[in-house]
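Undergrad: Structure file entry.cif (mmCIF, C-alpha atoms) is given on the next line.
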data_model
loop_
_atom_site.label_atom_id
_atom_site.label_comp_id
_atom_site.auth_asym_id
_atom_site.auth_seq_id
_atom_site.Cartn_x
_atom_site.Cartn_y
_atom_site.Cartn_z
CA MET X 1 21.93 -26.00 -212.26
CA ARG X 2 25.65 -26.35 -211.84
CA ASN X 3 28.00 -24.60 -214.22
CA ILE X 4 29.69 -27.79 -215.40
CA THR X 5 30.43 -29.15 -218.83
CA SER X 6 28.76 -32.10 -220.50
CA ILE X 7 32.04 -33.99 -220.16
CA ASP X 8 31.90 -33.40 -216.40
CA VAL X 9 28.31 -34.62 -216.31
CA VAL X 10 29.13 -37.81 -218.20
CA SER X 11 32.06 -38.50 -215.90
CA GLU X 12 29.56 -38.53 -213.02
CA MET X 13 26.95 -40.65 -214.83
CA LYS X 14 29.25 -43.68 -214.94
CA THR X 15 27.20 -46.90 -215.29
CA GLY X 16 23.47 -46.82 -215.96
CA TRP X 17 20.47 -49.10 -216.30
CA ASN X 18 17.59 -48.87 -218.78
CA LEU X 19 13.98 -49.21 -217.65
CA GLY X 20 13.30 -50.94 -220.95
CA ASN X 21 9.95 -52.26 -222.20
CA SER X 22 7.95 -50.28 -219.66
CA LEU X 23 7.04 -46.68 -220.47
CA ASP X 24 8.35 -47.27 -223.99
CA VAL X 25 5.91 -50.06 -224.89
CA GLU X 26 3.95 -49.78 -228.10
CA GLY X 27 0.60 -50.03 -226.37
CA PRO X 28 -1.74 -48.28 -223.97
CA ASP X 29 0.08 -48.75 -220.66
CA GLU X 30 3.45 -49.75 -219.24
CA THR X 31 2.52 -53.39 -218.57
CA TYR X 32 1.65 -54.07 -222.23
CA TRP X 33 4.82 -56.07 -222.91
CA GLY X 34 4.61 -58.11 -219.71
CA ASN X 35 6.65 -56.12 -217.24
CA PRO X 36 5.02 -55.10 -213.95
CA ALA X 37 4.21 -51.48 -213.24
CA THR X 38 7.36 -49.70 -212.15
CA THR X 39 7.69 -49.04 -208.43
CA LYS X 40 10.04 -46.95 -206.36
CA THR X 41 11.29 -50.15 -204.74
CA MET X 42 12.51 -51.36 -208.14
CA ILE X 43 14.51 -48.21 -208.76
CA ASP X 44 15.77 -48.24 -205.17
CA SER X 45 17.14 -51.72 -205.86
CA VAL X 46 18.86 -50.58 -209.04
CA SER X 47 20.44 -47.67 -207.21
CA ALA X 48 21.49 -49.84 -204.29
CA ARG X 49 23.32 -52.13 -206.72
CA GLY X 50 25.52 -49.17 -207.61
CA PHE X 51 24.01 -47.83 -210.82
CA LYS X 52 24.35 -44.04 -211.01
CA THR X 53 22.12 -43.38 -214.01
CA LEU X 54 18.54 -44.36 -214.85
CA ARG X 55 17.45 -44.13 -218.47
CA VAL X 56 13.68 -43.86 -218.84
CA PRO X 57 12.61 -44.61 -222.43
CA VAL X 58 9.14 -43.23 -223.18
CA THR X 59 6.75 -43.78 -226.08
CA TRP X 60 4.39 -40.82 -226.37
CA ARG X 61 2.13 -41.56 -229.35
CA PHE X 62 -0.49 -43.52 -227.41
CA HIS X 63 -0.91 -40.57 -225.05
CA GLN X 64 -0.71 -37.63 -227.43
CA GLY X 65 -3.71 -35.93 -228.99
CA PRO X 66 -4.15 -34.86 -232.61
CA ALA X 67 -2.97 -31.79 -234.47
CA PRO X 68 -2.69 -28.92 -234.16
CA ASN X 69 -1.82 -29.01 -230.45
CA TYR X 70 -0.66 -32.61 -229.99
CA LEU X 71 -1.50 -32.40 -226.31
CA VAL X 72 0.01 -35.06 -224.06
CA GLU X 73 -2.39 -36.61 -221.55
CA ALA X 74 -1.90 -35.11 -218.10
CA ASN X 75 -2.06 -38.56 -216.49
CA TRP X 76 0.78 -39.81 -218.69
CA LEU X 77 2.98 -36.83 -217.88
CA ASP X 78 2.21 -37.41 -214.21
CA ARG X 79 3.28 -41.05 -214.48
CA VAL X 80 6.48 -40.20 -216.34
CA GLU X 81 7.32 -37.62 -213.69
CA GLU X 82 6.60 -40.10 -210.91
CA ILE X 83 9.19 -42.49 -212.30
CA VAL X 84 11.72 -39.72 -212.92
CA ASN X 85 11.27 -38.88 -209.25
CA TYR X 86 12.08 -42.47 -208.27
CA GLY X 87 15.49 -41.97 -209.80
CA ARG X 88 16.04 -38.51 -208.40
CA ALA X 89 15.08 -39.70 -204.90
CA ASN X 90 18.15 -41.94 -205.19
CA ASN X 91 20.28 -39.06 -206.45
CA MET X 92 20.62 -40.76 -209.83
CA TYR X 93 21.07 -39.06 -213.14
CA VAL X 94 17.88 -39.61 -215.14
CA ILE X 95 17.68 -39.65 -218.94
CA LEU X 96 14.24 -38.99 -220.42
CA ASN X 97 13.64 -39.50 -224.12
CA VAL X 98 11.30 -40.00 -227.08
CA HIS X 99 11.62 -43.71 -227.80
CA HIS X 100 9.32 -45.93 -229.92
CA ASP X 101 7.66 -43.12 -231.84
CA ASP X 102 9.25 -44.06 -235.13
CA THR X 103 5.89 -44.70 -236.78
CA TRP X 104 5.42 -40.92 -237.05
CA ILE X 105 9.00 -39.63 -236.75
CA ILE X 106 9.75 -40.41 -240.39
CA PRO X 107 12.99 -38.80 -241.67
CA THR X 108 11.99 -37.88 -245.22
CA TYR X 109 11.69 -34.48 -246.82
CA ASP X 110 8.00 -35.14 -247.55
CA GLN X 111 7.21 -35.77 -243.90
CA ALA X 112 9.72 -33.41 -242.29
CA ASP X 113 7.59 -30.31 -241.69
CA GLU X 114 4.73 -32.22 -240.07
CA VAL X 115 7.10 -34.24 -237.90
CA LYS X 116 9.06 -31.16 -236.83
CA ASP X 117 5.86 -29.39 -235.81
CA ARG X 118 4.73 -32.35 -233.68
CA LEU X 119 8.18 -32.95 -232.19
CA SER X 120 8.55 -29.31 -231.27
CA LYS X 121 5.17 -29.30 -229.52
CA LEU X 122 5.93 -32.58 -227.74
CA TRP X 123 9.27 -31.38 -226.40
CA THR X 124 7.79 -28.03 -225.41
CA GLN X 125 5.28 -29.82 -223.18
CA VAL X 126 7.85 -32.19 -221.70
CA ALA X 127 10.35 -29.41 -221.13
CA GLU X 128 7.75 -27.20 -219.43
CA ARG X 129 6.79 -30.02 -217.08
CA PHE X 130 10.40 -30.63 -216.01
CA LYS X 131 11.73 -27.09 -216.28
CA ASN X 132 12.53 -26.78 -212.58
CA TYR X 133 14.47 -30.05 -212.37
CA SER X 134 18.20 -29.85 -211.83
CA ASP X 135 20.87 -30.84 -214.33
CA PHE X 136 20.65 -34.39 -212.98
CA LEU X 137 17.76 -34.70 -215.45
CA ILE X 138 18.95 -35.07 -219.04
CA PHE X 139 16.73 -34.93 -222.11
CA GLU X 140 17.47 -37.22 -225.07
CA THR X 141 15.75 -35.77 -228.11
CA LEU X 142 15.34 -39.07 -230.01
CA ASN X 143 16.20 -42.72 -229.43
CA GLU X 144 17.24 -44.48 -232.66
CA PRO X 145 15.91 -42.04 -235.29
CA ARG X 146 15.58 -43.86 -238.59
CA HIS X 147 13.25 -44.70 -241.44
CA GLU X 148 11.72 -47.98 -240.35
CA ASN X 149 11.52 -50.99 -242.67
CA THR X 150 13.78 -49.52 -245.33
CA ALA X 151 16.90 -51.03 -246.84
CA ASN X 152 19.23 -48.62 -245.03
CA GLU X 153 17.45 -48.65 -241.66
CA TRP X 154 20.41 -50.16 -239.78
CA THR X 155 23.26 -49.26 -242.13
CA GLY X 156 23.42 -45.52 -241.57
CA GLY X 157 20.43 -44.43 -243.61
CA THR X 158 20.46 -42.27 -246.74
CA ALA X 159 21.83 -38.75 -247.15
CA GLU X 160 18.23 -37.49 -247.01
CA GLY X 161 17.47 -39.44 -243.87
CA ARG X 162 20.60 -38.27 -242.08
CA ASP X 163 19.90 -34.66 -243.03
CA VAL X 164 16.31 -34.81 -241.78
CA VAL X 165 17.33 -36.50 -238.52
CA ASN X 166 19.64 -33.53 -237.90
CA GLN X 167 16.66 -31.23 -238.51
CA PHE X 168 14.60 -33.20 -235.99
CA HIS X 169 17.29 -32.80 -233.35
CA GLN X 170 17.49 -29.10 -234.01
CA VAL X 171 13.79 -28.35 -233.60
CA SER X 172 13.69 -30.53 -230.49
CA LEU X 173 16.65 -28.78 -228.88
CA GLU X 174 15.31 -25.34 -229.80
CA ALA X 175 11.91 -26.18 -228.32
CA ILE X 176 13.56 -27.27 -225.06
CA ARG X 177 15.78 -24.19 -224.88
CA ALA X 178 12.86 -21.87 -225.62
CA THR X 179 11.08 -22.90 -222.42
CA GLY X 180 13.79 -21.11 -220.46
CA GLY X 181 14.66 -21.59 -216.82
CA ASN X 182 16.87 -24.59 -216.18
CA ASN X 183 16.19 -25.78 -219.70
CA SER X 184 18.29 -22.92 -221.03
CA THR X 185 21.41 -24.86 -220.07
CA ARG X 186 20.15 -28.40 -219.50
CA HIS X 187 22.38 -31.11 -220.96
CA ILE X 188 20.75 -32.75 -223.97
CA MET X 189 21.66 -36.04 -225.65
CA ILE X 190 21.72 -36.07 -229.45
CA SER X 191 21.82 -39.38 -231.35
CA ALA X 192 23.34 -40.32 -234.68
CA TYR X 193 21.07 -41.89 -237.31
CA ALA X 194 19.65 -45.02 -235.62
CA ALA X 195 22.11 -44.18 -232.80
CA SER X 196 24.59 -46.04 -235.00
CA THR X 197 28.35 -46.15 -234.52
CA LEU X 198 28.92 -46.70 -238.24
CA PRO X 199 31.20 -43.96 -239.59
CA VAL X 200 28.61 -42.81 -242.15
CA ALA X 201 26.15 -42.12 -239.33
CA MET X 202 28.61 -40.58 -236.87
CA ASN X 203 30.19 -38.36 -239.51
CA ALA X 204 26.81 -36.97 -240.57
CA LEU X 205 25.67 -35.97 -237.08
CA VAL X 206 25.37 -32.19 -236.66
CA ILE X 207 25.20 -30.67 -233.19
CA PRO X 208 22.29 -28.21 -233.29
CA ASN X 209 23.53 -24.63 -233.12
CA ASP X 210 26.90 -25.97 -231.92
CA ASP X 211 25.22 -26.13 -228.53
CA PRO X 212 27.94 -26.75 -225.91
CA ASN X 213 25.63 -28.56 -223.47
CA THR X 214 25.07 -31.55 -225.71
CA ILE X 215 26.08 -35.17 -225.33
CA ILE X 216 26.50 -37.69 -228.13
CA SER X 217 24.11 -40.65 -227.78
CA LEU X 218 25.16 -43.94 -229.38
CA HIS X 219 24.07 -47.57 -229.10
CA SER X 220 26.73 -50.21 -229.52
CA TYR X 221 25.60 -53.82 -229.29
CA PHE X 222 29.01 -55.05 -230.34
CA PRO X 223 29.53 -57.60 -231.71
CA TYR X 224 25.93 -58.08 -232.85
CA PRO X 225 26.00 -61.89 -233.37
CA PHE X 226 27.02 -62.30 -229.73
CA THR X 227 25.08 -59.49 -228.06
CA LEU X 228 21.72 -59.48 -229.86
CA GLY X 229 21.81 -61.77 -232.87
CA GLY X 230 21.89 -64.98 -230.87
CA THR X 231 24.05 -66.67 -233.49
CA ASN X 232 27.34 -66.74 -231.59
CA ALA X 233 27.48 -67.67 -227.92
CA THR X 234 31.22 -67.29 -227.46
CA TRP X 235 33.38 -64.23 -226.92
CA GLY X 236 36.86 -63.57 -225.63
CA THR X 237 39.53 -64.34 -228.20
CA ASP X 238 42.35 -61.88 -228.86
CA ASN X 239 40.60 -60.98 -232.12
CA ASP X 240 37.29 -60.40 -230.30
CA ARG X 241 39.03 -58.01 -227.93
CA ALA X 242 40.87 -56.20 -230.70
CA GLN X 243 37.66 -55.64 -232.65
CA LEU X 244 35.86 -54.26 -229.61
CA GLU X 245 38.80 -51.98 -228.86
CA ALA X 246 38.61 -50.73 -232.43
CA GLU X 247 34.87 -50.03 -232.07
CA MET X 248 35.50 -47.99 -228.94
CA ASP X 249 38.42 -46.16 -230.53
CA ARG X 250 36.31 -45.14 -233.55
CA ILE X 251 33.87 -43.44 -231.19
CA LYS X 252 36.65 -41.82 -229.17
CA THR X 253 38.45 -40.52 -232.26
CA LYS X 254 35.29 -39.03 -233.73
CA PHE X 255 33.82 -37.44 -230.61
CA THR X 256 35.78 -37.61 -227.36
CA ASP X 257 39.04 -36.50 -228.95
CA ASN X 258 37.13 -33.51 -230.33
CA GLY X 259 35.77 -32.45 -226.95
CA LYS X 260 32.33 -34.07 -227.12
CA ALA X 261 30.90 -36.15 -224.29
CA VAL X 262 29.59 -39.62 -225.16
CA VAL X 263 26.95 -41.84 -223.58
CA LEU X 264 26.53 -45.39 -224.82
CA GLY X 265 22.83 -45.29 -224.06
CA GLU X 266 22.23 -48.95 -224.86
CA TRP X 267 24.43 -52.04 -224.73
CA ALA X 268 23.94 -55.55 -223.41
CA SER X 269 24.35 -59.21 -224.24
CA GLY X 270 21.59 -61.78 -224.45
CA ASN X 271 21.43 -64.94 -222.36
CA GLN X 272 22.47 -67.94 -224.48
CA ASN X 273 23.35 -70.14 -221.50
CA ASN X 274 26.83 -68.66 -221.81
CA LEU X 275 27.37 -66.81 -218.54
CA GLU X 276 31.16 -67.00 -218.52
CA ASP X 277 31.41 -65.48 -221.99
CA ARG X 278 28.90 -62.78 -221.09
CA LEU X 279 30.90 -61.94 -217.97
CA GLU X 280 34.10 -61.72 -219.98
CA HIS X 281 32.47 -59.51 -222.60
CA ALA X 282 30.77 -57.27 -220.04
CA THR X 283 33.98 -56.79 -218.08
CA PHE X 284 35.99 -55.88 -221.14
CA TYR X 285 33.25 -53.69 -222.64
CA ALA X 286 32.55 -51.69 -219.48
CA GLN X 287 36.23 -51.13 -218.79
CA ALA X 288 36.95 -50.09 -222.37
CA ALA X 289 34.09 -47.58 -222.27
CA ALA X 290 35.18 -46.18 -218.90
CA GLU X 291 38.79 -45.82 -220.01
CA ARG X 292 37.65 -43.61 -222.88
CA GLY X 293 35.40 -41.47 -220.71
CA PHE X 294 32.08 -42.88 -221.95
CA ALA X 295 29.12 -43.46 -219.65
CA SER X 296 27.41 -46.76 -220.49
CA VAL X 297 23.80 -47.79 -219.86
CA TRP X 298 22.82 -51.48 -219.89
CA TRP X 299 19.68 -52.27 -221.88
CA ASP X 300 17.43 -54.25 -219.52
CA ASN X 301 14.05 -55.14 -221.03
CA GLY X 302 12.82 -57.28 -218.14
CA ASN X 303 13.36 -60.59 -219.94
CA SER X 304 16.17 -62.77 -218.62
CA ASP X 305 15.04 -66.12 -220.02
CA VAL X 306 17.19 -67.72 -222.69
CA SER X 307 14.14 -68.29 -224.89
CA ASN X 308 13.18 -64.61 -224.87
CA ASP X 309 16.40 -62.76 -225.78
CA GLY X 310 17.57 -62.73 -222.16
CA LEU X 311 18.82 -59.15 -221.83
CA ALA X 312 17.61 -58.54 -218.27
CA ILE X 313 20.00 -58.70 -215.34
CA PHE X 314 17.36 -57.58 -212.81
CA ASN X 315 14.06 -59.36 -212.07
CA ARG X 316 11.42 -56.68 -211.53
CA GLN X 317 8.86 -59.13 -210.17
CA THR X 318 11.02 -60.55 -207.39
CA LEU X 319 13.46 -57.64 -206.99
CA THR X 320 16.35 -60.05 -207.37
CA TRP X 321 19.41 -60.10 -209.60
CA PRO X 322 19.60 -63.36 -211.57
CA PHE X 323 22.76 -62.02 -213.20
CA GLU X 324 24.21 -60.17 -210.26
CA ASN X 325 27.76 -60.90 -211.38
CA ILE X 326 27.21 -58.95 -214.59
CA ALA X 327 25.65 -56.09 -212.66
CA ASP X 328 28.52 -55.93 -210.20
CA ILE X 329 31.35 -56.06 -212.72
CA ILE X 330 29.94 -53.33 -214.92
CA VAL X 331 29.35 -51.08 -211.92
CA GLU X 332 32.84 -51.77 -210.63
CA ALA X 333 34.40 -50.87 -214.00
CA ASN X 334 33.31 -47.27 -213.53
CA ASN X 335 34.25 -46.87 -209.88
#
Is it possible to express this structure as structure tokens?
TA:
Amino acid sequence: MRNITSIDVVSEMKTGWNLGNSLDVEGPDETYWGNPATTKTMIDSVSARGFKTLRVPVTWRFHQGPAPNYLVEANWLDRVEEIVNYGRANNMYVILNVHHDDTWIIPTYDQADEVKDRLSKLWTQVAERFKNYSDFLIFETLNEPRHENTANEWTGGTAEGRDVVNQFHQVSLEAIRATGGNNSTRHIMISAYAASTLPVAMNALVIPNDDPNTIISLHSYFPYPFTLGGTNATWGTDNDRAQLEAEMDRIKTKFTDNGKAVVLGEWASGNQNNLEDRLEHATFYAQAAAERGFASVWWDNGNSDVSNDGLAIFNRQTLTWPFENIADIIVEANN
């Protein structure tokens, strides 16, 4: 473990790539949503393209036993570690998280005690397994913590929800720290409610115990109609640029200007047969993030087809880059 700040770590993370829709599937194994089993050759290819960070989203609930121990299957921990090692073999930063477990991570006062008990026991097991890893492994306590299928799910939540999410982060961080060793100072990513960049969510985020080795985790698919909504295939006007600058500046003013490191753990744009606009957006977005000191991690879910949201820039079956221009320009923005 190096004695460096979270800001120093983020400055080294630069541009990252998400292994989306693999270990984070809502099913029994990593191929459940149609992606092939992850191989070292895949991650080698991502590293060779110039990506410095690998984010490994993980869903644990299909591999975790019942109360009171909530034991994680040894085979699942082994598989998670195998993929973490693929990234570390390439000297990449690796982010490991709790991803699509929102069905039980419910941020209400009624559910809070039970969830905190299970979260604490989950992170204790994960932290023990990876305790000897260097600070190139980063834990992300939660992905997009929120109360699913409620009116405020994507608008910053309620005061209750935001408060309970802060409690979830705290018990997770304390469980990690309690395992000792390298986990005593490991850098840990903490997300706003739903990882939202809305002011109500960012303003409510509390850093557990004012822990100095924490990184703010946010997801900014901006602007949504162009990036994810599929309702606007064009981007690049002066107004488009000004609005994206304002989005980045809101994050910088809230966190970076106050000494907190920021990782945009998910961003992307879907394929709408609009490559030139996607290139323009990706170039501007990646440069704007880099200029403000943010690391940024492209959300790649393995689907590049226009009929299936088209967020992938890397084909895991053929180990080719159907959108190599996007990959190259976002890597270059951080070099």
Undergrad: Enumerate, as a PyMOL selection string, the residues matched when the PyMOL selection byres ((chain X and resi 60-76) around 9) is run on the file above.
TA: chain X and resi 23-24+26-29+58-59+77-81+98-101+103-104+117-118+121-122+125-126
Undergrad: What's the 7 Å shell around Thr283 (chain X), counting all atoms listed in the file, without same-chain residues fewer than 3 positions away, as a list in words?
TA: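 Non-adjacent residues within range: Leu279, Glu280, Ala286, Gln287, Ile329 and Ile330 of chain X.
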Undergrad: Quick check, in Å to one decimal: how far apart do CA of Gln170 (chain X) and CA of Ser191 (chain X) lie?
TA: 11.5 Å
Undergrad: My list of candidates is X:Asn213, X:Asn232, X:Gln167, X:Asn97. Which is closest to Asn271 (chain X) when distances are computed with only C-alpha atoms?
TA: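 Closest candidate: X:Asn232.
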Undergrad: On this structure, which residues satisfy the PyMOL selection byres ((chain X and resi 214-224) around 7), written as a PyMOL selection string?
TA: chain X and resi 6+187-192+195-197+211-213+225-229+244+260-268
Undergrad: Starting from the displayed file, determine the output of the PyMOL selection byres ((chain X and resi 85) around 12) and express the residue list as a PyMOL selection string.
TA: chain X and resi 38-40+43-44+54+56+78-84+86-96+130+133-134+136-137
Undergrad: What would the list of residues within 8 Å of (32.2, -41.1, -217.8) (file frame) look like as a count of residues only, if all atoms listed in the file are what count?
TA: 17
Undergrad: Which value, in Å to one decimal, gives the distance between CA of Val297 (chain X) and CA of Asn315 (chain X)?
TA: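 According to the coordinates, CA of Val297 (chain X) and CA of Asn315 (chain X) are separated by 17.0 Å.
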Undergrad: In terms of the shortest atom-to-atom distance over all atoms listed in the file, which of X:Val46, X:Ile251, X:Ile106, X:Ile4 is closest to Glu324 (chain X)?
TA: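 Counting all atoms listed in the file, the residue closest to Glu324 (chain X) is X:Val46.
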Undergrad: Between CA of Ala201 (chain X) and CA of Gly157 (chain X), what is the distance, to one decimal in Å?
TA: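 Between these atoms lies a distance of 7.5 Å.
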Undergrad: I'd like the neighbourhood of Glu245 (chain X) as a PyMOL selection string, where a residue qualifies if any of its atoms comes within 12 Å (using all atoms listed in the file), though same-chain residues fewer than 3 positions away should be ignored.
TA: chain X and resi 222-223+238-242+248-253+281+284-289+291-292
